[in-house]
>>> print(open('upload_32.cif').read())   # mmCIF, C-alpha atoms
data_start
loop_
_atom_site.label_atom_id
_atom_site.label_comp_id
_atom_site.auth_asym_id
_atom_site.auth_seq_id
_atom_site.Cartn_x
_atom_site.Cartn_y
_atom_site.Cartn_z
CA MET A 988 51.26 130.67 123.38
CA ILE A 989 53.18 127.81 121.73
CA LYS A 990 55.89 126.24 123.86
CA LEU A 991 59.15 125.95 121.97
CA THR A 992 61.08 122.93 123.20
CA GLY A 993 64.68 122.37 122.08
CA LYS A 994 63.59 119.73 119.56
CA LYS A 995 60.82 121.92 118.14
CA PHE A 996 63.21 124.88 117.90
CA ALA A 997 65.77 122.76 116.03
CA LYS A 998 63.07 121.53 113.63
CA LEU A 999 61.86 125.09 113.02
CA THR A 1000 65.40 126.35 112.40
CA LEU A 1001 66.10 123.48 110.03
CA ALA A 1002 62.87 124.10 108.12
CA THR A 1003 63.60 127.84 107.82
CA MET A 1004 67.16 127.16 106.68
CA THR A 1005 65.93 124.62 104.12
CA VAL A 1006 63.41 127.07 102.65
CA PHE A 1007 65.97 129.88 102.43
CA SER A 1008 68.74 127.71 101.02
CA LEU A 1009 66.33 126.20 98.46
CA SER A 1010 65.25 129.67 97.33
CA SER A 1011 68.80 130.94 96.99
CA LEU A 1012 69.88 127.70 95.30
CA MET A 1013 67.08 128.04 92.77
CA ALA A 1014 67.82 131.74 92.26
CA SER A 1015 71.42 130.96 91.43
CA GLU A 1016 70.47 128.03 89.20
CA VAL A 1017 68.04 130.11 87.09
CA SER A 1018 70.57 132.84 86.35
CA SER A 1019 72.56 130.53 84.09
CA MET A 1020 69.57 128.95 82.34
CA ASP A 1021 68.96 129.39 78.65
CA VAL A 1022 65.20 129.87 78.50
CA ARG A 1023 65.00 129.00 74.82
CA LYS A 1024 66.55 125.61 75.51
CA VAL A 1025 64.94 124.59 78.79
CA CYS A 1026 61.46 125.70 77.71
CA ASP A 1027 61.64 124.13 74.24
CA VAL A 1028 58.49 121.98 74.09
CA ASN A 1029 59.57 120.01 71.01
CA LYS A 1030 62.87 119.05 72.53
CA ASN A 1031 61.90 118.47 76.16
CA GLY A 1032 58.25 117.42 75.92
CA ILE A 1033 55.27 119.46 77.11
CA GLN A 1034 55.01 117.85 80.55
CA SER A 1035 58.64 118.50 81.38
CA VAL A 1036 58.28 122.14 80.32
CA LEU A 1037 55.17 122.48 82.43
CA ASN A 1038 56.95 120.98 85.43
CA MET A 1039 59.71 123.50 84.94
CA ALA A 1040 57.13 126.30 84.79
CA SER A 1041 55.42 125.12 87.99
CA LYS A 1042 58.70 124.79 89.86
CA TYR A 1043 59.96 128.30 89.11
CA ASN A 1044 56.66 130.11 89.06
CA LYS A 1045 56.11 129.00 92.63
CA ILE A 1046 59.16 131.06 93.63
CA ALA A 1047 58.24 133.97 91.34
CA LYS A 1048 54.81 134.10 92.92
CA LYS A 1049 56.24 134.02 96.42
CA GLU A 1050 58.61 136.86 95.58
CA GLY A 1051 55.78 138.96 94.04
CA LEU A 1052 57.24 138.65 90.55
CA GLU A 1053 54.67 136.53 88.72
CA PHE A 1054 54.13 137.64 85.13
CA MET A 1055 50.80 138.10 83.42
CA ARG A 1056 49.76 138.67 79.84
CA LEU A 1057 46.36 139.15 78.19
CA GLY A 1058 44.81 139.09 81.66
CA MET A 1059 46.21 135.63 82.49
CA LYS A 1060 48.78 134.95 85.18
CA THR A 1061 51.57 132.44 84.60
CA SER A 1062 49.85 130.09 87.06
CA GLN A 1063 46.69 130.29 84.91
CA TYR A 1064 48.68 129.38 81.80
CA ILE A 1065 50.03 126.35 83.69
CA SER A 1066 46.66 125.18 85.01
CA GLY A 1067 44.94 125.94 81.69
CA THR A 1068 47.47 123.87 79.76
CA GLN A 1069 47.25 120.98 82.20
CA LYS A 1070 43.47 121.03 81.95
CA SER A 1071 43.59 121.03 78.14
CA ILE A 1072 46.07 118.11 78.07
CA LYS A 1073 43.86 116.15 80.46
CA ASN A 1074 40.83 116.75 78.26
CA GLY A 1075 42.73 115.90 75.08
CA LEU A 1076 42.48 119.43 73.69
CA ALA A 1077 45.10 121.07 71.49
CA THR A 1078 44.35 124.63 72.60
CA VAL A 1079 44.13 126.69 75.79
CA ASP A 1080 41.49 129.38 76.26
CA ILE A 1081 42.69 132.87 77.13
CA LEU A 1082 40.33 134.19 79.80
CA ASN A 1083 40.04 137.76 81.05
CA LYS A 1084 39.40 138.91 84.61
CA LYS A 1085 35.73 138.10 84.28
CA LYS A 1086 36.58 134.59 83.01
CA LYS A 1087 35.35 135.55 79.54
CA LYS A 1088 37.17 133.88 76.66
CA THR A 1089 39.12 136.42 74.61
CA GLY A 1090 41.22 134.08 72.47
CA THR A 1091 43.04 130.75 72.21
CA VAL A 1092 46.64 129.57 71.95
CA THR A 1093 48.00 126.08 71.32
CA THR A 1094 48.89 124.00 74.37
CA GLN A 1095 52.50 123.96 73.19
CA TYR A 1096 52.63 127.73 73.03
CA ALA A 1097 50.92 128.12 76.42
CA ALA A 1098 53.46 125.74 78.00
CA TRP A 1099 56.35 127.65 76.43
CA ARG A 1100 54.90 130.94 77.64
CA ALA A 1101 54.40 129.66 81.20
CA CYS A 1102 57.92 128.26 81.39
CA SER A 1103 59.67 131.27 79.86
CA PHE A 1104 57.63 133.67 82.03
CA ALA A 1105 58.43 131.77 85.24
CA ILE A 1106 62.18 131.64 84.64
CA THR A 1107 62.54 135.13 83.12
CA ALA A 1108 60.76 136.69 86.11
CA LEU A 1109 63.48 135.33 88.40
CA GLN A 1110 66.38 136.11 86.07
CA GLN A 1111 65.14 139.65 85.55
CA ALA A 1112 64.76 140.29 89.28
CA LYS A 1113 68.33 139.17 89.88
CA ASP A 1114 69.67 141.51 87.19
CA ALA A 1115 67.50 144.38 88.44
CA LYS A 1116 69.24 144.31 91.83
CA THR A 1117 72.08 146.17 90.18
CA THR A 1118 70.51 147.82 87.13
CA TRP A 1119 67.72 149.82 88.82
CA ARG A 1120 70.14 152.54 89.92
CA LEU A 1121 71.06 153.22 86.30
CA ALA A 1122 67.60 154.71 85.77
CA THR A 1123 67.67 156.97 88.84
CA PRO A 1124 68.31 160.71 88.38
CA GLY A 1125 70.88 161.84 90.92
CA ASP A 1126 72.31 158.32 91.08
CA GLY A 1127 73.24 156.20 88.06
CA TYR A 1128 71.20 157.99 85.41
CA VAL A 1129 73.27 160.44 83.39
CA TYR A 1130 71.69 162.82 80.89
CA MET B 809 67.81 175.18 139.39
CA LEU B 810 66.08 171.84 138.81
CA LEU B 811 63.67 173.51 136.42
CA LYS B 812 66.62 174.92 134.45
CA VAL B 813 68.19 171.45 134.15
CA VAL B 814 64.89 169.92 133.00
CA LYS B 815 64.45 172.72 130.45
CA THR B 816 67.99 172.27 129.11
CA ILE B 817 67.61 168.49 128.81
CA THR B 818 64.24 168.88 127.05
CA LEU B 819 65.74 171.41 124.66
CA LEU B 820 68.69 169.14 123.94
CA MET B 821 66.37 166.17 123.32
CA LEU B 822 64.18 168.22 121.00
CA THR B 823 67.20 169.56 119.09
CA SER B 824 68.64 166.07 118.79
CA SER B 825 65.38 164.62 117.49
CA VAL B 826 65.04 167.43 114.93
CA ILE B 827 68.62 166.85 113.76
CA ASN B 828 68.03 163.09 113.54
CA ALA B 829 64.76 163.56 111.65
CA ALA B 830 66.56 165.75 109.16
CA GLU B 831 69.24 163.10 108.71
CA PHE B 832 66.80 160.29 107.93
CA ASN B 833 65.43 162.05 104.88
CA THR B 834 68.81 163.16 103.51
CA GLN B 835 68.82 160.62 100.68
CA ALA B 836 65.15 161.22 99.90
CA GLU B 837 65.75 164.97 99.67
CA LYS B 838 68.71 164.39 97.41
CA ASP B 839 66.51 162.22 95.18
CA ARG B 840 63.69 164.75 95.14
CA LEU B 841 65.94 167.66 94.21
CA ALA B 842 67.65 165.60 91.50
CA LEU B 843 64.23 164.75 90.09
CA ILE B 844 63.13 168.40 90.04
CA LYS B 845 66.36 169.34 88.28
CA TYR B 846 65.87 166.55 85.73
CA PHE B 847 62.28 167.50 84.85
CA GLU B 848 62.98 171.22 84.74
CA ALA B 849 65.83 170.52 82.30
CA LYS B 850 63.72 168.10 80.26
CA PHE B 851 60.75 170.43 79.83
CA GLU B 852 62.65 173.68 79.58
CA ASP B 853 62.56 173.45 75.78
CA PRO B 854 61.77 169.98 74.35
CA GLU B 855 62.59 171.10 70.81
CA LYS B 856 66.03 172.32 71.82
CA ASN B 857 66.62 169.23 73.99
CA ARG B 858 65.40 166.72 71.42
CA ASN B 859 68.64 164.69 71.25
CA THR B 860 68.87 164.30 75.00
CA PHE B 861 65.24 163.74 75.96
CA PHE B 862 62.95 163.34 72.93
CA PRO B 863 64.80 161.42 70.21
CA TYR B 864 61.64 159.78 68.81
CA SER B 865 59.29 162.76 68.77
CA THR B 866 58.27 164.45 65.55
CA ASP B 867 59.25 168.01 64.64
CA GLU B 868 55.62 169.04 64.70
CA GLU B 869 54.89 167.79 68.21
CA LEU B 870 58.10 169.21 69.64
CA LYS B 871 57.38 172.58 68.10
CA ASN B 872 53.66 172.84 68.85
CA GLY B 873 52.76 170.14 71.38
CA PHE B 874 54.55 171.32 74.51
CA ILE B 875 54.17 174.04 77.07
CA THR B 876 57.78 175.05 77.75
CA GLY B 877 59.82 176.62 80.54
CA LEU B 878 58.20 174.60 83.33
CA LYS B 879 59.27 175.04 86.93
CA HIS B 880 58.87 172.73 89.91
CA GLN B 881 55.35 173.71 91.04
CA ASP B 882 53.96 173.54 87.49
CA PHE B 883 54.38 169.76 87.54
CA ALA B 884 51.60 169.35 90.12
CA LYS B 885 49.19 169.23 87.13
CA GLY B 886 50.71 165.95 85.95
CA ASN B 887 50.81 165.45 82.19
CA TYR B 888 48.70 168.60 81.68
CA ALA B 889 51.64 170.71 82.86
CA PHE B 890 53.32 170.27 79.47
CA ASN B 891 50.73 168.70 77.16
CA LYS B 892 49.31 171.63 75.19
CA ASP B 893 46.36 169.81 73.57
CA GLY B 894 45.62 167.77 76.65
CA ARG B 895 45.66 170.92 78.80
CA ALA B 896 43.07 172.62 76.59
CA GLN B 897 40.73 169.61 76.89
CA TYR B 898 41.44 169.35 80.61
CA ASP B 899 40.57 173.01 81.22
CA GLU B 900 37.26 172.52 79.41
CA ILE B 901 36.32 169.42 81.42
CA LYS B 902 37.30 171.19 84.65
CA GLU B 903 34.58 173.77 84.04
CA MET B 904 32.09 171.07 84.96
CA PRO B 905 34.10 168.24 86.50
CA PRO B 906 32.43 164.82 86.69
CA TYR B 907 33.71 164.15 90.24
CA GLU B 908 31.78 166.91 92.02
CA ASP B 909 29.03 164.57 93.17
CA ALA B 910 31.66 162.20 94.56
CA ILE B 911 33.04 164.94 96.82
CA GLU B 912 29.57 165.57 98.22
CA GLU B 913 28.99 161.85 98.71
CA GLY B 914 32.38 161.67 100.43
CA GLU B 915 31.35 164.43 102.79
CA ALA B 916 28.12 162.58 103.57
CA LEU B 917 30.10 159.39 104.30
CA TYR B 918 32.38 161.37 106.59
CA SER B 919 29.44 162.66 108.62
CA LYS B 920 27.38 159.46 108.59
CA LYS B 921 27.14 157.81 111.98
CA PHE B 922 28.51 154.29 112.51
CA LYS B 923 26.33 151.75 114.32
CA ASN B 924 28.11 152.67 117.55
CA GLY B 925 27.13 156.33 117.17
CA LYS B 926 30.59 157.55 116.25
CA SER B 927 31.69 158.66 112.76
CA PHE B 928 34.87 159.16 110.73
CA ALA B 929 35.29 162.44 112.63
CA SER B 930 36.38 160.35 115.64
CA CYS B 931 39.36 159.03 113.64
CA PHE B 932 39.98 162.06 111.38
CA PRO B 933 39.03 165.25 113.22
CA ASP B 934 40.99 167.23 110.62
CA THR B 935 39.72 166.67 107.10
CA SER B 936 42.59 168.43 105.31
CA ILE B 937 44.93 165.44 105.59
CA GLY B 938 45.29 164.60 101.90
CA GLY B 939 48.94 165.63 101.76
CA LEU B 940 50.08 163.79 104.87
CA TYR B 941 49.64 160.21 103.68
CA PRO B 942 51.22 157.68 103.43
CA ILE B 943 52.72 157.97 106.88
CA PHE B 944 55.28 155.69 108.48
CA ASP B 945 53.84 154.21 111.66
CA GLU B 946 56.82 153.90 114.00
CA SER B 947 55.03 151.64 116.49
CA ARG B 948 54.05 149.09 113.83
CA LYS B 949 57.16 149.67 111.69
CA GLN B 950 55.14 149.94 108.51
CA VAL B 951 53.87 152.43 105.97
CA VAL B 952 50.19 153.25 106.45
CA THR B 953 48.20 154.63 103.52
CA ILE B 954 45.12 156.79 103.79
CA GLY B 955 43.02 153.85 102.54
CA GLN B 956 44.42 151.60 105.26
CA SER B 957 43.70 154.26 107.90
CA ILE B 958 40.12 154.61 106.66
CA ASN B 959 39.59 150.85 106.82
CA GLU B 960 41.17 150.65 110.27
CA CYS B 961 38.79 153.37 111.41
CA LEU B 962 35.88 151.34 110.06
CA THR B 963 36.90 148.05 111.66
CA SER B 964 37.80 149.62 115.01
CA ASN B 965 34.24 150.95 115.09
CA GLY B 966 32.69 147.59 114.27
CA GLU B 967 32.06 148.36 110.60
CA LYS B 968 33.04 146.37 107.50
CA LYS B 969 36.13 147.31 105.48
CA TRP B 970 35.76 149.03 102.13
CA LYS B 971 37.30 147.99 98.84
CA MET B 972 40.58 149.88 98.46
CA SER B 973 40.28 150.82 94.80
CA LYS B 974 36.96 152.59 94.20
CA GLY B 975 33.45 153.21 95.51
CA ASN B 976 33.10 154.66 99.00
CA MET B 977 36.85 154.55 99.56
CA ALA B 978 37.52 156.79 96.57
CA LYS B 979 34.64 159.11 97.49
CA LEU B 980 35.84 159.70 101.05
CA GLN B 981 39.40 160.22 99.82
CA ALA B 982 38.04 162.69 97.24
CA TYR B 983 36.46 164.67 100.07
CA PHE B 984 39.74 164.67 102.04
CA ALA B 985 41.69 165.72 98.93
CA TYR B 986 39.23 168.52 98.20
CA GLU B 987 39.38 169.80 101.78
CA THR B 988 43.18 169.73 101.61
CA MET B 989 43.20 171.64 98.35
CA GLU B 990 40.76 174.20 99.76
CA ALA B 991 43.03 174.63 102.79
CA GLU B 992 45.88 175.28 100.30
CA LYS B 993 48.04 172.62 101.90
CA LYS B 994 51.00 170.94 100.30
CA VAL B 995 52.20 167.34 100.18
CA ASP B 996 54.20 166.79 103.36
CA ILE B 997 55.48 163.21 103.68
CA LYS B 998 57.77 162.58 106.62
CA ILE B 999 60.76 160.25 106.99
CA GLU B 1000 61.77 160.37 110.62
CA SER B 1001 63.54 157.12 111.41
CA SER B 1002 65.91 154.61 109.88
CA ASP B 1003 62.99 152.19 109.41
CA ALA B 1004 61.05 154.85 107.50
CA ALA B 1005 64.12 155.59 105.38
CA ALA B 1006 64.49 151.88 104.62
CA ALA B 1007 60.82 151.66 103.59
CA TYR B 1008 61.31 154.70 101.32
CA GLN B 1009 64.39 153.09 99.79
CA ARG B 1010 62.51 149.85 99.05
CA GLY B 1011 59.72 151.86 97.42
CA LYS B 1012 62.27 153.70 95.31
CA GLU B 1013 63.88 150.44 94.22
CA TYR B 1014 60.45 149.08 93.27
CA TYR B 1015 59.76 152.17 91.13
CA TYR B 1016 63.02 151.95 89.23
CA THR B 1017 63.09 148.14 88.83
CA GLN B 1018 62.31 146.65 85.43
CA ARG B 1019 59.56 144.06 85.78
CA GLY B 1020 56.94 142.03 83.98
CA TYR B 1021 57.19 140.42 80.57
CA LEU B 1022 57.72 143.84 79.00
CA LYS B 1023 60.77 144.39 81.22
CA VAL B 1024 59.95 148.02 81.91
CA SER B 1025 59.98 149.95 85.16
CA CYS B 1026 57.60 152.68 86.33
CA ALA B 1027 60.50 155.04 85.54
CA SER B 1028 60.79 153.83 81.94
CA CYS B 1029 57.48 155.58 81.25
CA HIS B 1030 57.31 158.26 83.94
CA VAL B 1031 60.93 159.45 84.25
CA GLN B 1032 62.85 158.72 81.04
CA GLY B 1033 59.61 158.30 79.07
CA ALA B 1034 57.70 161.26 80.52
CA GLY B 1035 56.49 163.56 77.75
CA GLN B 1036 57.06 160.91 75.11
CA ARG B 1037 54.07 159.56 73.29
CA VAL B 1038 52.43 156.14 73.50
CA ARG B 1039 49.93 156.02 70.66
CA ASN B 1040 48.23 159.37 71.08
CA GLU B 1041 48.97 160.00 74.76
CA LYS B 1042 51.93 161.76 76.31
CA MET B 1043 53.09 160.02 79.45
CA SER B 1044 53.00 161.87 82.77
CA GLN B 1045 56.00 162.55 84.99
CA LEU B 1046 56.80 161.13 88.43
CA LEU B 1047 57.10 164.61 89.90
CA GLY B 1048 53.59 165.58 91.02
CA GLN B 1049 52.13 162.18 90.16
CA THR B 1050 50.36 161.73 93.50
CA THR B 1051 49.14 165.28 94.16
CA HIS B 1052 45.76 164.88 92.50
CA PHE B 1053 44.42 161.48 93.60
CA PRO B 1054 41.83 160.06 93.70
CA VAL B 1055 41.08 160.73 90.05
CA TYR B 1056 38.06 160.38 87.81
CA ARG B 1057 39.36 158.47 84.80
CA LEU B 1058 37.43 158.54 81.57
CA LYS B 1059 38.63 154.96 80.98
CA TRP B 1060 37.09 153.84 84.28
CA ALA B 1061 34.05 156.08 83.90
CA GLY B 1062 34.44 156.68 87.59
CA LEU B 1063 36.65 157.61 90.49
CA GLY B 1064 39.61 155.48 91.58
CA THR B 1065 42.37 155.57 94.17
CA LEU B 1066 46.11 155.73 93.66
CA GLU B 1067 46.32 152.01 94.50
CA ARG B 1068 43.91 151.25 91.65
CA ARG B 1069 45.97 153.29 89.20
CA MET B 1070 49.28 151.74 90.27
CA GLY B 1071 47.79 148.24 90.11
CA GLY B 1072 46.80 148.99 86.50
CA CYS B 1073 50.27 150.33 85.68
CA ILE B 1074 52.00 147.22 87.04
CA LYS B 1075 49.60 145.00 85.05
CA ASP B 1076 50.55 147.02 81.96
CA GLU B 1077 54.18 146.15 82.66
CA GLY B 1078 53.14 142.50 82.52
CA GLN B 1079 53.31 141.57 86.18
CA VAL B 1080 50.67 140.59 88.72
CA PRO B 1081 50.33 143.74 90.85
CA PRO B 1082 50.92 143.61 94.61
CA LYS B 1083 47.83 143.83 96.82
CA SER B 1084 46.77 147.34 97.85
CA THR B 1085 47.66 146.69 101.49
CA SER B 1086 50.94 144.86 100.81
CA ASP B 1087 54.25 146.38 101.91
CA ASP B 1088 55.36 146.51 98.26
CA MET B 1089 52.43 148.70 97.25
CA LYS B 1090 52.47 150.90 100.36
CA GLU B 1091 56.22 151.52 100.16
CA LEU B 1092 55.93 152.31 96.46
CA LEU B 1093 53.28 154.95 97.24
CA TYR B 1094 55.42 156.28 100.11
CA PHE B 1095 58.33 156.88 97.72
CA MET B 1096 56.13 158.41 95.01
CA SER B 1097 54.38 160.70 97.47
CA TYR B 1098 57.68 161.89 98.95
CA MET B 1099 58.77 162.91 95.46
CA SER B 1100 55.73 165.24 95.37
CA ASN B 1101 56.64 166.89 98.68
CA ASP B 1102 56.21 170.65 98.79
CA MET B 1103 53.75 170.60 95.87
CA PRO B 1104 50.14 171.71 96.36
CA VAL B 1105 47.49 169.02 96.82
CA ASP B 1106 45.26 169.35 93.79
CA GLY B 1107 42.71 166.57 94.03
CA PRO B 1108 40.42 165.08 93.15
CA ASP B 1109 41.10 165.52 89.49
CA ILE B 1110 40.32 164.15 86.07
CA ARG B 1111 42.47 161.99 83.82
CA LYS B 1112 41.96 160.08 80.60
#
>>> encode(input="upload_32.cif", output="structure tokens")
Amino acid sequence: MIKLTGKKFAKLTLATMTVFSLSSLMASEVSSMDVRKVCDVNKNGIQSVLNMASKYNKIAKKEGLEFMRLGMKTSQYISGTQKSIKNGLATVDILNKKKKKTGTVTTQYAAWRACSFAITALQQAKDAKTTWRLATPGDGYVY
Amino acid sequence: MLLKVVKTITLLMLTSSVINAAEFNTQAEKDRLALIKYFEAKFEDPEKNRNTFFPYSTDEELKNGFITGLKHQDFAKGNYAFNKDGRAQYDEIKEMPPYEDAIEEGEALYSKKFKNGKSFASCFPDTSIGGLYPIFDESRKQVVTIGQSINECLTSNGEKKWKMSKGNMAKLQAYFAYETMEAEKKVDIKIESSDAAAAYQRGKEYYYTQRGYLKVSCASCHVQGAGQRVRNEKMSQLLGQTTHFPVYRLKWAGLGTLERRMGGCIKDEGQVPPKSTSDDMKELLYFMSYMSNDMPVDGPDIRK
């Protein structure tokens, strides 16, 4: 059993509050973002777009909202693009569940996809808090 | 005198708990009845209801592709309740279903002794339990699926867990489903506390929430989209969606659990699916199964 002293308790509370306030701060900041602008690789540079993707996908993943397409998760698009940049490659391999290559996309496109997926996942979840009832028979769905 | 008082108090407590139990599922019952009403209206006559429910379907498919006039219990067959062509193929395959061996293997697994000499019979003395899961475990305050219960039985007897999606897990569940069907039992999911009602509500929200890069919900395809066609397949309806699992899917060339199917559906929406034992997945299955309440268990079954 861990002994919780006053100092430890204060630290724990502060840490919990920081995590929660950071999450809610980020959730509110993404709702007003224009994905086409903030994820524009030509305008912002590939590294900045990838940083954006990493930052928001971390929250999406934690909330169980991470996107995937063609068998690749957003986090795989991020790591794949970073690996390609490091190796001086212009493309990212699309890998299926068994790690078999099924196609390629440019690093620029992969970065855009990762960034737009990460932010859209959070924006969509926020909207869905109110829209899901509109699809429910007996509730908001009228036919 | 004392005996009379004890009897009265016991009776009062029992009555109160029955009343409370009935209250906790009020919303769920409302949802279930609304869903039955919706699907009965939708499939009463698709051709006549084209503008409301089938705006993109062709004249030919509306005229010749649907079995009409469906009532609540008919929906236990899933998509084959209304899909005329699909039903004909389904009836043919059912004459010699490819999952029969799996039921026998499931029975053998049920009877096989663990290393400690016990067997699944020590955890599941009644084998006709297919319609009772998922349950809400009040002591742990969580939804427990049949797969989770099977794995807990294994680990509590010193055995290794099974994979939740296929293999032995699907085979044993197929045996339970078959026994339940043979016993002519119905789906009977219970919501008996505020915690259970909250879990149901979260599962419902998950089902109706748009997600993934395609921004569709489970309901987009299986409520509003049910009966509509994607390529050459008509999509199944939420009502009766869980009555027949595990299923042998031609696409899988094998048997799979409901968790496996739902994981695939969520991937199709463009989102990483929740783990089979996560609260998200278990609560989703709890909601879906409640919607099939009062329908006959009809598994295992075959699907494309």
>>> resolve_selection(input="upload_32.cif", expression="the PyMOL selection byres ((chain B and resi 996) around 7)", output="short mmCIF file (atom, residue, chain, number, x, y, z; two decimals) with C-alpha atoms, in the frame of the given file")
data_model
loop_
_atom_site.label_atom_id
_atom_site.label_comp_id
_atom_site.auth_asym_id
_atom_site.auth_seq_id
_atom_site.Cartn_x
_atom_site.Cartn_y
_atom_site.Cartn_z
CA GLY B 939 48.94 165.63 101.76
CA LEU B 940 50.08 163.79 104.87
CA LYS B 994 51.00 170.94 100.30
CA VAL B 995 52.20 167.34 100.18
CA ILE B 997 55.48 163.21 103.68
CA LYS B 998 57.77 162.58 106.62
CA ASN B 1101 56.64 166.89 98.68
CA ASP B 1102 56.21 170.65 98.79
#
>>> closest_residue(input="upload_32.cif", among="A:Gly1075, A:Ser1018, A:Lys1087, A:Cys1102", to="A:Lys1045", atoms="all atoms listed in the file")
A:Cys1102
>>> resolve_selection(input="upload_32.cif", expression="the PyMOL selection byres ((chain B and resi 1071-1083) around 7)", output="list in words")
Gly1051, Leu1052, Glu1053, Phe1054, Met1055, Arg1056 and Lys1060 of chain A; Arg1019, Gly1020, Tyr1021, Leu1022, Lys1023, Val1024, Glu1067, Arg1068, Arg1069, Met1070, Ser1084, Thr1085, Ser1086, Asp1088 and Met1089 of chain B
>>> write_last_selection(input="upload_32.cif", atoms="C-alpha atoms", output="PDB file, in the frame of the given file")
ATOM      1  CA  GLY A1051      55.780 138.960  94.040  1.00  0.00           C
ATOM      2  CA  LEU A1052      57.240 138.650  90.550  1.00  0.00           C
ATOM      3  CA  GLU A1053      54.670 136.530  88.720  1.00  0.00           C
ATOM      4  CA  PHE A1054      54.130 137.640  85.130  1.00  0.00           C
ATOM      5  CA  MET A1055      50.800 138.100  83.420  1.00  0.00           C
ATOM      6  CA  ARG A1056      49.760 138.670  79.840  1.00  0.00           C
ATOM      7  CA  LYS A1060      48.780 134.950  85.180  1.00  0.00           C
TER       8      LYS A1060
ATOM      9  CA  ARG B1019      59.560 144.060  85.780  1.00  0.00           C
ATOM     10  CA  GLY B1020      56.940 142.030  83.980  1.00  0.00           C
ATOM     11  CA  TYR B1021      57.190 140.420  80.570  1.00  0.00           C
ATOM     12  CA  LEU B1022      57.720 143.840  79.000  1.00  0.00           C
ATOM     13  CA  LYS B1023      60.770 144.390  81.220  1.00  0.00           C
ATOM     14  CA  VAL B1024      59.950 148.020  81.910  1.00  0.00           C
ATOM     15  CA  GLU B1067      46.320 152.010  94.500  1.00  0.00           C
ATOM     16  CA  ARG B1068      43.910 151.250  91.650  1.00  0.00           C
ATOM     17  CA  ARG B1069      45.970 153.290  89.200  1.00  0.00           C
ATOM     18  CA  MET B1070      49.280 151.740  90.270  1.00  0.00           C
ATOM     19  CA  SER B1084      46.770 147.340  97.850  1.00  0.00           C
ATOM     20  CA  THR B1085      47.660 146.690 101.490  1.00  0.00           C
ATOM     21  CA  SER B1086      50.940 144.860 100.810  1.00  0.00           C
ATOM     22  CA  ASP B1088      55.360 146.510  98.260  1.00  0.00           C
ATOM     23  CA  MET B1089      52.430 148.700  97.250  1.00  0.00           C
TER      24      MET B1089
END
>>> interface_residues(input="upload_32.cif", of="chain A", to="chain B", cutoff="9 Å", atoms="all atoms listed in the file", output="PyMOL selection string")
chain A and resi 1048+1051-1058+1060+1104+1107-1108+1111-1112+1115-1116+1118-1126+1130
>>> atom_distance(input="upload_32.cif", atom1="atom CA of A:Leu1037", atom2="atom CA of A:Ser1019")
19.2 Å
>>> resolve_selection(input="upload_32.cif", expression="the PyMOL selection byres ((chain B and resi 889) around 10)", output="ChimeraX atom specification")
/B:851,874-876,878-879,881-888,890-892,894-895,1044-1045,1048
>>> closest_residue(input="upload_32.cif", among="B:Glu946, B:Glu1041, B:Glu987, B:Glu855", to="B:Asp934", atoms="only C-alpha atoms")
B:Glu987
>>> atom_distance(input="upload_32.cif", atom1="atom CA of B:Val1055", atom2="atom CA of B:Pro906")
10.1 Å
>>> atom_distance(input="upload_32.cif", atom1="atom CA of B:Asp1106", atom2="atom CA of B:Lys871")
28.6 Å
>>> axis_aligned_box(input="upload_32.cif", around="stretch 1117-1122 of chain A", padding_each_side="8 Å", output="lines of an AutoDock Vina configuration file")
center_x = 69.8
center_y = 150.4
center_z = 88.0
size_x = 20.5
size_y = 24.5
size_z = 20.4
>>> closest_residue(input="upload_32.cif", among="B:Gly1064, B:Asn1040, B:Gly1107, B:Lys979", to="B:Ile911", atoms="only C-alpha atoms")
B:Lys979
>>> residues_around(input="upload_32.cif", residues="B:Tyr898", least_positions_apart="5", cutoff="9 Å", atoms="only C-alpha atoms", output="JSON, numbers by chain")
{"B": [888, 893, 903, 1110, 1111]}
>>> write_last_selection(input="upload_32.cif", atoms="C-alpha atoms", output="PDB file, in the coordinates of the input")
ATOM      1  CA  TYR B 888      48.700 168.600  81.680  1.00  0.00           C
ATOM      2  CA  ASP B 893      46.360 169.810  73.570  1.00  0.00           C
ATOM      3  CA  GLU B 903      34.580 173.770  84.040  1.00  0.00           C
ATOM      4  CA  ILE B1110      40.320 164.150  86.070  1.00  0.00           C
ATOM      5  CA  ARG B1111      42.470 161.990  83.820  1.00  0.00           C
TER       6      ARG B1111
END
>>> residues_around(input="upload_32.cif", residues="stretch 1001-1008 of chain B", least_positions_apart="4", cutoff="8 Å", atoms="all atoms listed in the file", output="PyMOL selection string")
chain B and resi 828-829+832-833+836+944+946+949-951+1012+1091-1092+1094-1095
